[in-house]
file data.tsv (TSV, C-alpha atoms and all ligand atoms)
chain	number	residue	atom	x	y	z
A	1446	MET	CA	-57.05	131.68	124.37
A	1447	LYS	CA	-54.86	133.51	121.84
A	1448	ILE	CA	-52.22	135.80	123.31
A	1449	HIS	CA	-50.53	138.49	121.21
A	1450	VAL	CA	-47.65	140.55	122.58
A	1451	PHE	CA	-46.83	143.82	120.81
A	1452	ASP	CA	-43.61	145.83	120.69
A	1453	THR	CA	-45.42	149.15	120.48
A	1454	SER	CA	-48.72	150.59	121.70
A	1455	GLU	CA	-49.41	151.75	118.16
A	1456	GLN	CA	-49.28	148.16	116.87
A	1457	LEU	CA	-51.56	146.95	119.66
A	1458	ASP	CA	-54.08	149.75	119.04
A	1459	ARG	CA	-54.07	149.07	115.32
A	1460	PHE	CA	-54.63	145.34	115.78
A	1461	ALA	CA	-57.52	145.89	118.19
A	1462	ALA	CA	-59.12	148.60	116.04
A	1463	ASP	CA	-58.92	146.34	112.97
A	1464	LEU	CA	-60.86	143.63	114.82
A	1465	PHE	CA	-63.70	146.09	115.46
A	1466	ILE	CA	-63.61	147.62	111.98
A	1467	ASP	CA	-63.55	144.20	110.27
A	1468	LEU	CA	-66.47	143.05	112.43
A	1469	ILE	CA	-68.55	146.10	111.50
A	1470	LYS	CA	-67.72	145.69	107.82
A	1471	SER	CA	-68.94	142.09	107.85
A	1472	LYS	CA	-71.80	142.73	110.28
A	1473	PRO	CA	-73.11	146.32	110.14
A	1474	ASP	CA	-75.57	145.61	112.98
A	1475	ALA	CA	-72.86	144.30	115.32
A	1476	VAL	CA	-73.22	144.53	119.10
A	1477	LEU	CA	-70.10	145.85	120.84
A	1478	GLY	CA	-69.32	145.50	124.53
A	1479	LEU	CA	-67.17	148.48	125.47
A	1480	ALA	CA	-64.81	149.40	128.29
A	1481	THR	CA	-63.28	152.52	129.79
A	1482	GLY	CA	-60.08	153.36	131.67
A	1483	SER	CA	-56.77	154.46	130.18
A	1484	THR	CA	-56.15	151.17	128.34
A	1485	PRO	CA	-58.70	151.52	125.50
A	1486	VAL	CA	-58.08	155.23	124.75
A	1487	GLY	CA	-55.63	154.55	121.89
A	1488	ILE	CA	-57.86	151.80	120.50
A	1489	TYR	CA	-60.82	154.16	120.27
A	1490	ALA	CA	-58.62	156.77	118.58
A	1491	LYS	CA	-57.60	154.20	115.95
A	1492	ILE	CA	-61.19	153.04	115.45
A	1493	VAL	CA	-62.21	156.67	114.83
A	1494	GLU	CA	-59.29	157.15	112.41
A	1495	GLN	CA	-60.04	153.95	110.51
A	1496	ALA	CA	-63.78	154.65	110.40
A	1497	LYS	CA	-63.05	158.04	108.78
A	1498	GLN	CA	-60.44	156.70	106.35
A	1499	GLN	CA	-62.54	153.75	105.26
A	1500	ASN	CA	-65.87	155.53	105.48
A	1501	ILE	CA	-67.32	152.97	107.91
A	1502	SER	CA	-70.80	153.65	109.25
A	1503	PHE	CA	-71.72	152.84	112.85
A	1504	GLY	CA	-75.38	153.57	112.03
A	1505	GLY	CA	-76.48	149.99	112.71
A	1506	VAL	CA	-74.11	149.28	115.60
A	1507	THR	CA	-75.34	148.86	119.20
A	1508	THR	CA	-73.04	149.24	122.22
A	1509	TYR	CA	-73.23	148.23	125.87
A	1510	ASN	CA	-70.66	149.48	128.32
A	1511	LEU	CA	-69.38	147.42	131.19
A	1512	ASP	CA	-69.86	149.83	134.03
A	1513	GLU	CA	-70.59	153.30	135.41
A	1514	TYR	CA	-69.89	155.05	138.71
A	1515	VAL	CA	-72.82	155.48	141.08
A	1516	GLY	CA	-73.67	159.15	141.62
A	1517	LEU	CA	-72.01	160.70	138.57
A	1518	THR	CA	-74.11	162.47	135.93
A	1519	PRO	CA	-73.27	161.93	132.24
A	1520	ASP	CA	-71.96	165.51	132.03
A	1521	ASN	CA	-69.49	164.89	134.87
A	1522	ASP	CA	-66.15	164.57	133.10
A	1523	GLN	CA	-65.23	161.57	135.27
A	1524	SER	CA	-68.33	159.59	134.36
A	1525	TYR	CA	-67.94	156.75	131.91
A	1526	ALA	CA	-70.79	158.20	129.83
A	1527	TYR	CA	-68.70	161.36	129.38
A	1528	TYR	CA	-65.59	159.30	128.59
A	1529	MET	CA	-67.39	157.32	125.87
A	1530	ASN	CA	-68.67	160.48	124.20
A	1531	GLN	CA	-65.28	162.10	124.41
A	1532	HIS	CA	-63.28	159.18	123.02
A	1533	LEU	CA	-65.67	157.46	120.65
A	1534	PHE	CA	-69.34	158.27	120.29
A	1535	SER	CA	-69.00	161.94	119.34
A	1536	HIS	CA	-66.56	161.04	116.54
A	1537	ILE	CA	-68.63	158.37	114.76
A	1538	ASP	CA	-72.14	158.28	113.28
A	1539	ILE	CA	-73.62	156.04	115.98
A	1540	SER	CA	-77.10	157.03	117.14
A	1541	PRO	CA	-77.29	157.86	120.87
A	1542	GLU	CA	-80.28	155.51	121.33
A	1543	ARG	CA	-78.04	152.60	120.37
A	1544	THR	CA	-75.37	153.36	123.00
A	1545	HIS	CA	-75.98	152.02	126.50
A	1546	LEU	CA	-74.38	152.50	129.89
A	1547	PRO	CA	-75.87	151.93	133.33
A	1548	ASN	CA	-77.44	155.15	134.60
A	1549	GLY	CA	-75.20	156.27	137.46
A	1550	MET	CA	-77.95	158.57	138.74
A	1551	ALA	CA	-80.71	155.95	138.88
A	1552	SER	CA	-82.91	156.54	141.94
A	1553	ASP	CA	-83.65	152.82	142.25
A	1554	PRO	CA	-80.33	151.00	141.75
A	1555	GLN	CA	-81.89	147.53	141.85
A	1556	ALA	CA	-84.37	148.45	139.14
A	1557	GLU	CA	-81.53	149.93	137.10
A	1558	CYS	CA	-79.56	146.66	137.37
A	1559	ALA	CA	-82.62	144.69	136.25
A	1560	ARG	CA	-83.22	147.08	133.33
A	1561	TYR	CA	-79.62	146.81	132.15
A	1562	GLU	CA	-79.46	143.06	132.56
A	1563	ALA	CA	-82.70	142.59	130.59
A	1564	MET	CA	-81.12	144.46	127.66
A	1565	LEU	CA	-78.00	142.30	127.85
A	1566	GLU	CA	-80.15	139.16	127.89
A	1567	GLU	CA	-81.78	140.24	124.65
A	1568	ARG	CA	-78.61	140.79	122.67
A	1569	HIS	CA	-75.19	139.38	123.47
A	1570	ALA	CA	-72.06	141.22	122.38
A	1571	ASP	CA	-70.25	140.02	119.26
A	1572	ILE	CA	-67.08	141.28	120.87
A	1573	GLN	CA	-66.49	142.46	124.44
A	1574	LEU	CA	-63.53	144.74	125.09
A	1575	LEU	CA	-61.99	144.45	128.57
A	1576	GLY	CA	-59.21	146.14	130.48
A	1577	LEU	CA	-57.74	144.64	133.64
A	1578	GLY	CA	-57.65	146.15	137.11
A	1579	HIS	CA	-54.46	145.87	139.17
A	1580	ASN	CA	-56.22	143.40	141.46
A	1581	GLY	CA	-57.57	141.31	138.58
A	1582	HIS	CA	-60.97	142.97	138.33
A	1583	ILE	CA	-62.85	143.11	135.03
A	1584	GLY	CA	-65.48	145.79	134.64
A	1585	PHE	CA	-65.87	146.52	138.35
A	1586	ASN	CA	-66.12	142.87	139.42
A	1587	GLU	CA	-63.83	143.01	142.41
A	1588	PRO	CA	-62.02	139.99	143.92
A	1589	ASP	CA	-64.32	138.25	146.40
A	1590	SER	CA	-65.23	134.83	147.77
A	1591	ALA	CA	-68.22	134.84	145.40
A	1592	LEU	CA	-69.08	136.88	142.30
A	1593	SER	CA	-72.45	138.05	140.93
A	1594	ALA	CA	-73.39	136.76	137.50
A	1595	GLY	CA	-75.59	139.66	136.41
A	1596	THR	CA	-75.47	143.45	136.52
A	1597	HIS	CA	-75.14	144.66	140.10
A	1598	VAL	CA	-73.96	147.48	142.31
A	1599	VAL	CA	-70.52	146.95	143.78
A	1600	LYS	CA	-68.76	148.73	146.61
A	1601	LEU	CA	-65.35	149.63	145.22
A	1602	LYS	CA	-62.27	148.38	147.02
A	1603	ASN	CA	-59.89	151.01	148.34
A	1604	GLU	CA	-57.15	149.77	146.01
A	1605	THR	CA	-59.47	150.36	143.03
A	1606	ARG	CA	-60.46	153.82	144.26
A	1607	GLU	CA	-56.78	154.64	144.74
A	1608	ALA	CA	-55.87	153.33	141.27
A	1609	ASN	CA	-58.61	155.46	139.71
A	1610	ALA	CA	-57.96	158.53	141.90
A	1611	ARG	CA	-55.47	159.79	139.28
A	1612	PHE	CA	-58.47	160.79	137.14
A	1613	PHE	CA	-60.13	162.80	139.95
A	1614	ALA	CA	-59.17	166.04	141.71
A	1615	SER	CA	-58.87	164.19	145.03
A	1616	MET	CA	-59.45	160.75	146.54
A	1617	ASP	CA	-62.63	162.06	148.25
A	1618	GLU	CA	-64.20	162.61	144.85
A	1619	VAL	CA	-63.75	159.00	143.71
A	1620	PRO	CA	-67.17	157.35	143.97
A	1621	ALA	CA	-67.51	154.56	146.54
A	1622	ALA	CA	-69.69	152.36	144.36
A	1623	ALA	CA	-70.39	151.48	140.75
A	1624	PHE	CA	-72.79	149.60	138.53
A	1625	THR	CA	-71.11	146.78	136.67
A	1626	MET	CA	-72.04	143.98	134.35
A	1627	GLY	CA	-71.49	140.69	136.16
A	1628	VAL	CA	-68.93	138.13	135.09
A	1629	GLY	CA	-71.79	135.99	133.76
A	1630	SER	CA	-72.95	138.85	131.52
A	1631	ILE	CA	-69.37	139.40	130.30
A	1632	LEU	CA	-68.84	135.71	129.50
A	1633	LYS	CA	-71.92	135.68	127.24
A	1634	ALA	CA	-70.03	137.64	124.57
A	1635	ASN	CA	-69.12	135.70	121.47
A	1636	THR	CA	-65.51	136.91	121.58
A	1637	ILE	CA	-63.69	138.60	124.45
A	1638	LEU	CA	-60.81	140.98	123.80
A	1639	LEU	CA	-58.70	141.53	126.94
A	1640	VAL	CA	-56.16	144.33	126.62
A	1641	VAL	CA	-53.44	145.03	129.18
A	1642	ARG	CA	-50.53	147.45	129.17
A	1643	GLY	CA	-47.68	148.20	131.57
A	1644	ALA	CA	-45.13	146.46	133.78
A	1645	GLU	CA	-47.17	147.01	136.94
A	1646	LYS	CA	-49.81	144.59	135.60
A	1647	ALA	CA	-47.37	141.84	134.52
A	1648	SER	CA	-47.90	139.70	137.62
A	1649	ILE	CA	-51.71	139.98	137.61
A	1650	VAL	CA	-51.66	139.11	133.88
A	1651	LYS	CA	-49.72	135.96	134.70
A	1652	GLU	CA	-52.08	135.07	137.56
A	1653	ALA	CA	-55.21	135.72	135.51
A	1654	LEU	CA	-54.11	133.82	132.42
A	1655	THR	CA	-52.11	130.95	133.88
A	1656	GLY	CA	-53.13	130.69	137.55
A	1657	PRO	CA	-56.09	128.79	138.98
A	1658	VAL	CA	-59.59	129.95	138.05
A	1659	SER	CA	-60.69	131.82	141.15
A	1660	THR	CA	-63.20	134.48	142.13
A	1661	GLN	CA	-60.27	136.14	143.96
A	1662	VAL	CA	-58.90	136.96	140.48
A	1663	PRO	CA	-62.07	137.72	138.50
A	1664	ALA	CA	-60.20	137.87	135.16
A	1665	SER	CA	-59.12	134.24	135.65
A	1666	LEU	CA	-62.72	133.25	134.83
A	1667	LEU	CA	-61.92	134.24	131.25
A	1668	GLN	CA	-59.98	130.97	131.06
A	1669	THR	CA	-63.37	129.24	130.88
A	1670	HIS	CA	-64.43	131.13	127.73
A	1671	PRO	CA	-63.83	129.49	124.34
A	1672	ARG	CA	-62.88	132.62	122.37
A	1673	VAL	CA	-60.62	135.01	124.27
A	1674	ILE	CA	-58.04	137.17	122.50
A	1675	VAL	CA	-55.46	138.79	124.78
A	1676	LEU	CA	-53.47	141.80	123.59
A	1677	LEU	CA	-50.47	142.77	125.72
A	1678	ASP	CA	-47.62	145.20	125.39
A	1679	ARG	CA	-44.13	143.81	126.06
A	1680	GLU	CA	-44.16	145.02	129.68
A	1681	ALA	CA	-47.52	143.48	130.59
A	1682	GLY	CA	-46.49	140.20	128.95
A	1683	ARG	CA	-43.02	139.93	130.40
A	1684	MET	CA	-43.86	137.26	133.05
A	1685	LEU	CA	-45.64	134.87	130.71
B	1	LIG	C1	-61.47	150.61	135.99
B	1	LIG	C2	-62.57	150.08	135.05
B	1	LIG	C3	-62.11	148.81	134.37
B	1	LIG	C4	-60.73	149.00	133.81
B	1	LIG	C5	-59.76	149.22	134.93
B	1	LIG	C6	-58.33	149.39	134.47
B	1	LIG	O1	-61.60	150.20	137.28
B	1	LIG	N1	-63.80	149.84	135.70
B	1	LIG	O2	-63.06	148.48	133.35
B	1	LIG	O3	-60.35	147.87	133.05
B	1	LIG	O4	-60.15	150.38	135.62
B	1	LIG	O5	-58.13	150.71	134.09
B	1	LIG	P1	-56.87	151.27	133.33
B	1	LIG	O6	-57.04	150.82	131.91
B	1	LIG	O7	-56.98	152.75	133.45
B	1	LIG	O8	-55.67	150.70	133.99

call {"tool": "encode", "arguments": {"input": "data.tsv", "output": "structure tokens"}}
result
Amino acid sequence: MKIHVFDTSEQLDRFAADLFIDLIKSKPDAVLGLATGSTPVGIYAKIVEQAKQQNISFGGVTTYNLDEYVGLTPDNDQSYAYYMNQHLFSHIDISPERTHLPNGMASDPQAECARYEAMLEERHADIQLLGLGHNGHIGFNEPDSALSAGTHVVKLKNETREANARFFASMDEVPAAAFTMGVGSILKANTILLVVRGAEKASIVKEALTGPVSTQVPASLLQTHPRVIVLLDREAGRML
């Protein structure tokens, strides 16, 4: 595991964006595992900027997102499909057929999980971007006595709904469940890029990276992966 701590958000964003841009330059048909939340926003902005400046095409790139809320349509501005269009897809030349998220409106959730997992089985991500939840979740894999390996529907913990309520008009509007890739699907990526910002995540960063590997801290399972790059701002890294 390589850990980089940055003095400024700008430096972190630039470093992360360069990893993606360099990958696409050397492998135009790269597979990217993508994440949402506030953490990657600046990284996507830098990727867009660099793609324009360096005239990088995303025409051959395929993407798979980690998760999506159950019950939100892609045109709901809180859905992760909407987020991805807003922050990345609408600014690059990627073809919509090559971008994938679980369908939050699927009428048969089990069939939707199987469909998504079958796609992930076919092509593993060259690089998987991850944020970190306050309770150590990755994607929406919440702390539990056991974790699911593959794509599944998860009931969101209250602490997660509360943490994400800032994006919604009220707590009542925060969905109660989500589709998420499983930890097994996440760990299949060739390289994992975990990005964490902010003092309030310093203790969970320490637990996840240096504590015991435990399903009660899903991000701690990343310790078992051979190629993890961790990008932290000073505040998130202050307890290491
Ligand atoms: C959500 C997402 C995660 C994300 C986490 C942290 O729950 N499902 O993928 O990493 O929130 O979000 P933020 O970056 O906004 O702190």

call {"tool": "residues_near_ligand", "arguments": {"input": "data.tsv", "ligand": "ligand LIG 1 (chain B)", "cutoff": "7 Å", "atoms": "all atoms listed in the file", "output": "short mmCIF file (atom, residue, chain, number, x, y, z; two decimals) with C-alpha atoms, keeping the file's coordinate frame"}}
result
data_model
loop_
_atom_site.label_atom_id
_atom_site.label_comp_id
_atom_site.auth_asym_id
_atom_site.auth_seq_id
_atom_site.Cartn_x
_atom_site.Cartn_y
_atom_site.Cartn_z
CA ALA A 1480 -64.81 149.40 128.29
CA THR A 1481 -63.28 152.52 129.79
CA GLY A 1482 -60.08 153.36 131.67
CA SER A 1483 -56.77 154.46 130.18
CA THR A 1484 -56.15 151.17 128.34
CA PRO A 1485 -58.70 151.52 125.50
CA LEU A 1511 -69.38 147.42 131.19
CA ASP A 1512 -69.86 149.83 134.03
CA LEU A 1575 -61.99 144.45 128.57
CA GLY A 1576 -59.21 146.14 130.48
CA LEU A 1577 -57.74 144.64 133.64
CA GLY A 1578 -57.65 146.15 137.11
CA ILE A 1583 -62.85 143.11 135.03
CA GLY A 1584 -65.48 145.79 134.64
CA PHE A 1585 -65.87 146.52 138.35
CA THR A 1605 -59.47 150.36 143.03
CA ASN A 1609 -58.61 155.46 139.71
#

call {"tool": "atom_distance", "arguments": {"input": "data.tsv", "atom1": "atom CA of A:Phe1465", "atom2": "atom CA of A:Ile1492"}}
result
7.4 Å

call {"tool": "closest_atom_pairs", "arguments": {"input": "data.tsv", "of": "stretch 1449-1518 of chain A", "to": "stretch 1547-1555 of chain A", "cutoff": "8 Å", "atoms": "all atoms listed in the file", "output": "JSON lines"}}
result
{"residue": "A:Asn1510", "atom": "CA", "partner": "A:Pro1547", "partner_atom": "CA", "distance": 7.6}
{"residue": "A:Asp1512", "atom": "CA", "partner": "A:Pro1547", "partner_atom": "CA", "distance": 6.4}
{"residue": "A:Glu1513", "atom": "CA", "partner": "A:Pro1547", "partner_atom": "CA", "distance": 5.8}
{"residue": "A:Tyr1514", "atom": "CA", "partner": "A:Gly1549", "partner_atom": "CA", "distance": 5.6}
{"residue": "A:Val1515", "atom": "CA", "partner": "A:Gly1549", "partner_atom": "CA", "distance": 4.4}
{"residue": "A:Gly1516", "atom": "CA", "partner": "A:Met1550", "partner_atom": "CA", "distance": 5.2}
{"residue": "A:Leu1517", "atom": "CA", "partner": "A:Gly1549", "partner_atom": "CA", "distance": 5.6}
{"residue": "A:Thr1518", "atom": "CA", "partner": "A:Met1550", "partner_atom": "CA", "distance": 6.2}

call {"tool": "closest_atom_pairs", "arguments": {"input": "data.tsv", "of": "stretch 1596-1664 of chain A", "to": "stretch 1523-1539 of chain A", "cutoff": "12 Å", "atoms": "only C-alpha atoms", "output": "CSV"}}
result
residue,atom,partner,partner_atom,distance
A:Asn1609,CA,A:Gln1523,CA,10.0
A:Ala1610,CA,A:Gln1523,CA,10.3
A:Arg1611,CA,A:Gln1523,CA,10.7
A:Phe1612,CA,A:Gln1523,CA,7.1
A:Phe1613,CA,A:Gln1523,CA,7.0
A:Ala1614,CA,A:Gln1523,CA,9.9
A:Ser1615,CA,A:Gln1523,CA,11.9
A:Glu1618,CA,A:Gln1523,CA,9.7
A:Val1619,CA,A:Gln1523,CA,8.9
A:Pro1620,CA,A:Gln1523,CA,9.9
A:Ala1623,CA,A:Ser1524,CA,10.5
A:Phe1624,CA,A:Tyr1525,CA,10.9
A:Thr1625,CA,A:Tyr1525,CA,11.5

call {"tool": "write_last_selection", "arguments": {"input": "data.tsv", "atoms": "C-alpha atoms", "output": "PDB file, in the coordinates of the input"}}
result
ATOM      1  CA  ASN A1609     -58.610 155.460 139.710  1.00  0.00           C
ATOM      2  CA  ALA A1610     -57.960 158.530 141.900  1.00  0.00           C
ATOM      3  CA  ARG A1611     -55.470 159.790 139.280  1.00  0.00           C
ATOM      4  CA  PHE A1612     -58.470 160.790 137.140  1.00  0.00           C
ATOM      5  CA  PHE A1613     -60.130 162.800 139.950  1.00  0.00           C
ATOM      6  CA  ALA A1614     -59.170 166.040 141.710  1.00  0.00           C
ATOM      7  CA  SER A1615     -58.870 164.190 145.030  1.00  0.00           C
ATOM      8  CA  GLU A1618     -64.200 162.610 144.850  1.00  0.00           C
ATOM      9  CA  VAL A1619     -63.750 159.000 143.710  1.00  0.00           C
ATOM     10  CA  PRO A1620     -67.170 157.350 143.970  1.00  0.00           C
ATOM     11  CA  ALA A1623     -70.390 151.480 140.750  1.00  0.00           C
ATOM     12  CA  PHE A1624     -72.790 149.600 138.530  1.00  0.00           C
ATOM     13  CA  THR A1625     -71.110 146.780 136.670  1.00  0.00           C
TER      14      THR A1625
END

call {"tool": "residues_around", "arguments": {"input": "data.tsv", "residues": "A:Pro1473", "least_positions_apart": "5", "cutoff": "8 Å", "atoms": "all atoms listed in the file", "output": "JSON, numbers by chain"}}
result
{"A": [1468, 1502, 1503, 1504, 1505, 1506]}

call {"tool": "atom_distance", "arguments": {"input": "data.tsv", "atom1": "atom CA of A:Glu1567", "atom2": "atom CA of A:Gly1595"}}
result
13.3 Å

call {"tool": "residues_around", "arguments": {"input": "data.tsv", "residues": "stretch 1644-1652 of chain A", "least_positions_apart": "3", "cutoff": "7 Å", "atoms": "only C-alpha atoms", "output": "list in words"}}
result
His1579, Asn1580, Gly1581, Thr1655, Gly1656, Glu1680, Ala1681, Gly1682, Arg1683, Met1684 and Leu1685 of chain A

call {"tool": "closest_residue", "arguments": {"input": "data.tsv", "among": "A:His1582, A:Arg1560, A:Lys1470, A:Arg1679", "to": "A:Val1628", "atoms": "only C-alpha atoms"}}
result
A:His1582

call {"tool": "closest_residue", "arguments": {"input": "data.tsv", "among": "A:Leu1667, A:Asp1589, A:Lys1447, A:Leu1601", "to": "A:Ala1634", "atoms": "all atoms listed in the file"}}
result
A:Leu1667

call {"tool": "closest_residue", "arguments": {"input": "data.tsv", "among": "A:Arg1672, A:Lys1602, A:His1569, A:His1597", "to": "A:Ile1631", "atoms": "only C-alpha atoms"}}
result
A:His1569

call {"tool": "decode", "arguments": {"input": "data.tsv", "residues": "stretch 1487-1501 of chain A", "atoms": "C-alpha atoms", "output": "mmCIF file, in the first residue's frame"}}
result
data_model
loop_
_atom_site.group_PDB
_atom_site.id
_atom_site.type_symbol
_atom_site.label_atom_id
_atom_site.label_comp_id
_atom_site.auth_asym_id
_atom_site.auth_seq_id
_atom_site.Cartn_x
_atom_site.Cartn_y
_atom_site.Cartn_z
ATOM 1 C CA GLY A 1487 -12.250 17.901 -7.764
ATOM 2 C CA ILE A 1488 -10.591 14.868 -9.336
ATOM 3 C CA TYR A 1489 -13.221 14.695 -12.061
ATOM 4 C CA ALA A 1490 -12.825 18.427 -12.691
ATOM 5 C CA LYS A 1491 -9.071 17.950 -13.173
ATOM 6 C CA ILE A 1492 -9.578 14.931 -15.433
ATOM 7 C CA VAL A 1493 -11.915 17.027 -17.604
ATOM 8 C CA GLU A 1494 -9.408 19.904 -17.662
ATOM 9 C CA GLN A 1495 -6.483 17.638 -18.541
ATOM 10 C CA ALA A 1496 -8.483 15.738 -21.172
ATOM 11 C CA LYS A 1497 -9.267 19.059 -22.901
ATOM 12 C CA GLN A 1498 -5.735 20.443 -22.614
ATOM 13 C CA GLN A 1499 -4.074 17.266 -23.823
ATOM 14 C CA ASN A 1500 -6.788 16.321 -26.278
ATOM 15 C CA ILE A 1501 -7.359 12.908 -24.677
#
